[in-house]
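Visitor: To start, I am sharing the structure in question, which I have written as C-alpha cells.
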Amino acid sequence: MKLLVILFACVALATALSKPFELRHGLPPPPPADRQARPAVWLTFTAQQDNFDNDNNEVWNMRYIANDQFHTPDGPIFIMLGAEWTIEPSYVQGGLMFDMARTHGGAMFYTEHRYYGKSFPVDDLSTNNLRFLSTEQALEDVAEFIRHLKMSEGYHNSKVVVVGGSYGANMAIWMRAKYPELVHAAWSSSAPVLAKVDFSEYAEVVSQSLSACTDIIRNGVDEVQRLLQTNYGIQKVSYDFDFCDTLDVNNFGDTSYFYKTIFNKVASEVQYGSTASLNAVCDRLSDPTFASDYERLVVFYRFPSSGCVGDYNDVLAWYRRIGLDTGNGTY
C-alpha cells in the first residue's frame with residue numbers, strides 16, 4: 001500500500017502544530033438548499049456553564065438552528081451535532097437529514113458546540129476558562145437541549161435521532177451510548193472513535209484517493225528533503241514555498257510544521273473534495289509546463305496563496321490569543 005512520504009515528518013507532532021487557518025475543520029461542503037426549504041430560524045438555549053457542578057450557577061447561550069416545516073405532533077426530532085466549527089443553516093435546508101424529516105414528519109435542529117462559532121460559556125479563552133471545554137460537557141449540553149425540547153408541545157413522545165460527521169459523528173455515537181433514554185438512533189459519518197496519536201490510516205486514505213499523482217507528490221517532497229541538506233537549498237525552499245522567514249532546519253517544531261502544511265494542503269483536497277475535484281488536483285500536479293515534480297509541488301502548494309508561511313512560534317501565538325473576537329474557536 002502506497003503511503004505519502006510526508007508521513008516521515010512525525011505525524012503525531014505535526015498534527016499538533018497545524019495552523020488552523022491553513023486547513024479547514026468541519027464538514028464537507030453543505031448540500032444545496034431544497035426548493036421546498038423554508039428559511040431556518042436561529043435560536044438560543046440557556047445552558048449551564050458546568051453541567052456537573054451544582055454550585056456553579058453560571059449560564060450561557062448555546063446557539064442552534066431550527067426548521068420545523070415538516071413537523072407533525074410527536075414526529076421525530078433530528079439533531080445535527082455541531083462540532084469544531086461554526087454552524088450554518090444549509091444542513092437543515094437540504095440533504096439527507098432534510099429528506100428524512102420530510103419523509104417522517106420530523107423537526108430539524110442544528111446545535112453549536114460550546115467554545116465554537118458564537119457559543120461561548122466564558123468571557124475569554126484564558127487557560128483557566130478552558131476547563132469547561134470537554135466532550136462530556138458538550139454531550140450533556142445536547143442532552144439538556146433534548147430534555148428541554150421534549151417538554152414542548154408536540155414533542156413529548158418524539159423519538160430523537162442525532163446526526164454527525166467527523167468529531168460530530170463521534171458525539172452522535174456517544175450520545176446514543178450514554179443517553180439511550182433520550183436518543184433512539186444515531187447516524188454517524190466518518191467517526192474516528194478510536195483515538196490514536198499516530199493516525200497513519202488517514203494518510204493512507206489520502207494517498208489512495210490521489211493514487212494517480214501520489215508519485216509526483218512523493219518525488220516533490222523527496223527533493224525538498226534533499227535541498228534542505230544545504231544552505232543554498234534551505235534558501236531556495238524558503239523562497240519557493242513563501243516562508244515569512246528562512247526555515248530553521250535545526251528547529252524540529254519549525255520543520256515539522258512546514259511538512260505538516262504540505263500534508264494539510266493535500267489532505268484538505270481529499271477530505272473536502274469530490275471525484276471531479278480530485279481529478280483536477282492530479283491534473284494540476286501533472287502539468288507538463290513544469291520541468292520537475294518539485295516545481296509542480298511548489299505551484300500546487302502556493303496557489304491560491306493565503307500569505308507567507310509562518311513558523312511554530314506563530315502557531316503558538318495564534319493559539320495563545322484569548323479574546324473571543326480573534327477567531328479562536330471558529331474554523
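Simple scheme: letters A, B, ... for chains in C-alpha cells order, numbers from 1 for residues in each chain, numbers from 1 for ligands in the order shown.
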Considering only alpha helix (DSSP H) as DSSP defines it on the backbone, what residues of range 91-246 of chain A qualify? List them as a ChimeraX atom specification.

Guide: /A:96-104,135-149,167-178,200-209,214-227,231-240

Visitor: For Glu223 in chain A, please output as a list in words all residues within 12 Å (counting only C-alpha atoms; exclusion window: fewer than 5 positions along the same chain).

Guide: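 These residues fall inside the cut-off: Val5, Ile6, Ile216, Ile217, Arg218, Leu228, Gln229, Thr230, Gly233, Ile234, Lys236, Val237, Ser292, Asp293, Tyr294, Glu295, Arg296, Leu297 and Val298 of chain A.
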
Visitor: Excluding range 112-125 of chain A and its own-chain neighbours fewer than 4 positions away, which residues fall within 10 Å of it when counting only C-alpha atoms? Please give them as a ChimeraX atom specification.

Guide: /A:44,47-50,58-65,80-88,129-135,137-139,141-142,168,319-325,327-331

Visitor: Taking only C-alpha atoms into account, which of A:Ser188, A:Arg38, A:Arg147, A:Glu136 comes nearest Phe98 in chain A?

Guide: A:Arg38

Visitor: Considering only C-alpha atoms, state which residue in the set A:Asp240, A:Glu144, A:Asp254, A:Asp248 is at the smallest distance from Phe303 in chain A.

Guide: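 Among the listed residues, A:Asp240 lies closest to Phe303 in chain A.
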
Visitor: For each of A:Val193, A:Leu227, A:Leu149, A:Cys282, take the minimum atom-to-atom distance to Leu247 in chain A, counting only C-alpha atoms, then give the residue where this is smallest.

Guide: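 Using only C-alpha atoms, the shortest distance to Leu247 in chain A belongs to A:Leu227.
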
Visitor: Would you please work out which residue, of A:Val162, A:Ile173, A:Ala40, A:Cys244, is nearest to Ile77 in chain A when using only C-alpha atoms?

Guide: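 Closest residue, counting only C-alpha atoms: A:Val162.
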
Visitor: List as a PyMOL selection string the protein and nucleic acid residues near Asp34 in chain A, meaning an atom at most 12 Å away when only C-alpha atoms are counted, but skip any in the same chain fewer than 6 places from it.

Guide: chain A and resi 89-99+102

Visitor: What does the distance from CA of Phe78 in chain A to CA of Tyr272 in chain A come to in Å, to one decimal?

Guide: 24.0 Å

Visitor: Hey, what's within 8 Å of Trp187 in chain A if we count only C-alpha atoms and toss same-chain stuff fewer than 2 positions away? As number ranges by chain, please?

Guide: A: 161-164, 169, 172-173, 185, 189

Visitor: Could you write out the selected residues, including N, CA and C atoms, as a PDB file, in the first residue's frame?

Guide:
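Below is the file that was written, selection_32.pdb:
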ATOM      1  N   VAL A 161     -33.251  11.394  16.861  1.00  0.00           N
ATOM      2  CA  VAL A 161     -32.170  10.878  16.018  1.00  0.00           C
ATOM      3  C   VAL A 161     -31.079  11.948  15.975  1.00  0.00           C
ATOM      4  N   VAL A 162     -29.867  11.589  16.394  1.00  0.00           N
ATOM      5  CA  VAL A 162     -28.754  12.533  16.317  1.00  0.00           C
ATOM      6  C   VAL A 162     -27.909  12.199  15.096  1.00  0.00           C
ATOM      7  N   VAL A 163     -27.372  13.239  14.483  1.00  0.00           N
ATOM      8  CA  VAL A 163     -26.641  13.117  13.228  1.00  0.00           C
ATOM      9  C   VAL A 163     -25.312  13.848  13.377  1.00  0.00           C
ATOM     10  N   GLY A 164     -24.237  13.242  12.883  1.00  0.00           N
ATOM     11  CA  GLY A 164     -22.949  13.924  12.988  1.00  0.00           C
ATOM     12  C   GLY A 164     -21.940  13.418  11.983  1.00  0.00           C
ATOM     13  N   ALA A 169     -19.612  13.046  14.496  1.00  0.00           N
ATOM     14  CA  ALA A 169     -20.060  11.655  14.368  1.00  0.00           C
ATOM     15  C   ALA A 169     -19.710  10.868  15.624  1.00  0.00           C
ATOM     16  N   ALA A 172     -22.290  11.733  18.084  1.00  0.00           N
ATOM     17  CA  ALA A 172     -23.566  11.052  17.839  1.00  0.00           C
ATOM     18  C   ALA A 172     -23.559   9.650  18.427  1.00  0.00           C
ATOM     19  N   ILE A 173     -22.465   8.927  18.208  1.00  0.00           N
ATOM     20  CA  ILE A 173     -22.341   7.575  18.756  1.00  0.00           C
ATOM     21  C   ILE A 173     -22.361   7.605  20.279  1.00  0.00           C
ATOM     22  N   ALA A 185     -31.660   6.793  18.018  1.00  0.00           N
ATOM     23  CA  ALA A 185     -30.846   6.365  16.879  1.00  0.00           C
ATOM     24  C   ALA A 185     -29.768   7.411  16.630  1.00  0.00           C
ATOM     25  N   SER A 189     -21.235   9.610  10.442  1.00  0.00           N
ATOM     26  CA  SER A 189     -20.462   9.546   9.206  1.00  0.00           C
ATOM     27  C   SER A 189     -19.006   9.901   9.473  1.00  0.00           C
TER      28      SER A 189
END

Visitor: Would you give me, as a list in words, the residues in range 31-137 of chain A that DSSP reads as strand (DSSP E)?

Guide: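 Secondary structure check on range 31-137 of chain A, strand (DSSP E): Val41, Trp42, Leu43, Thr44, Phe45, Thr46, Ala47, Gln48, Val59, Trp60, Asn61, Met62, Arg63, Tyr64, Ile65, Ala66, Asn67, Ile77, Phe78, Ile79, Met80, Leu81, Ala107, Met108, Phe109, Tyr110 and Thr111 of chain A.
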
Visitor: May I have the selected residues written with C-alpha atoms, as a short mmCIF file (atom, residue, chain, number, x, y, z; two decimals), in the first residue's frame?

Guide:
data_model
loop_
_atom_site.label_atom_id
_atom_site.label_comp_id
_atom_site.auth_asym_id
_atom_site.auth_seq_id
_atom_site.Cartn_x
_atom_site.Cartn_y
_atom_site.Cartn_z
CA VAL A 41 -34.62 30.09 12.42
CA TRP A 42 -31.69 30.98 14.68
CA LEU A 43 -32.38 30.50 18.39
CA THR A 44 -30.51 30.10 21.66
CA PHE A 45 -30.79 27.63 24.52
CA THR A 46 -29.77 28.59 28.04
CA ALA A 47 -27.13 26.07 29.11
CA GLN A 48 -25.13 25.59 32.28
CA VAL A 59 -25.27 30.08 32.34
CA TRP A 60 -24.61 30.90 28.69
CA ASN A 61 -26.46 30.93 25.36
CA MET A 62 -25.91 27.93 23.10
CA ARG A 63 -26.89 28.76 19.55
CA TYR A 64 -28.94 26.40 17.45
CA ILE A 65 -30.81 26.46 14.15
CA ALA A 66 -34.33 25.10 13.77
CA ASN A 67 -36.54 24.09 10.85
CA ILE A 77 -36.57 15.06 16.24
CA PHE A 78 -33.46 15.15 14.05
CA ILE A 79 -30.49 16.91 15.62
CA MET A 80 -27.35 17.70 13.66
CA LEU A 81 -24.49 17.95 16.14
CA ALA A 107 -38.33 18.57 13.02
CA MET A 108 -34.70 19.53 12.38
CA PHE A 109 -32.23 21.19 14.70
CA TYR A 110 -28.53 22.01 14.41
CA THR A 111 -26.72 22.67 17.71
#
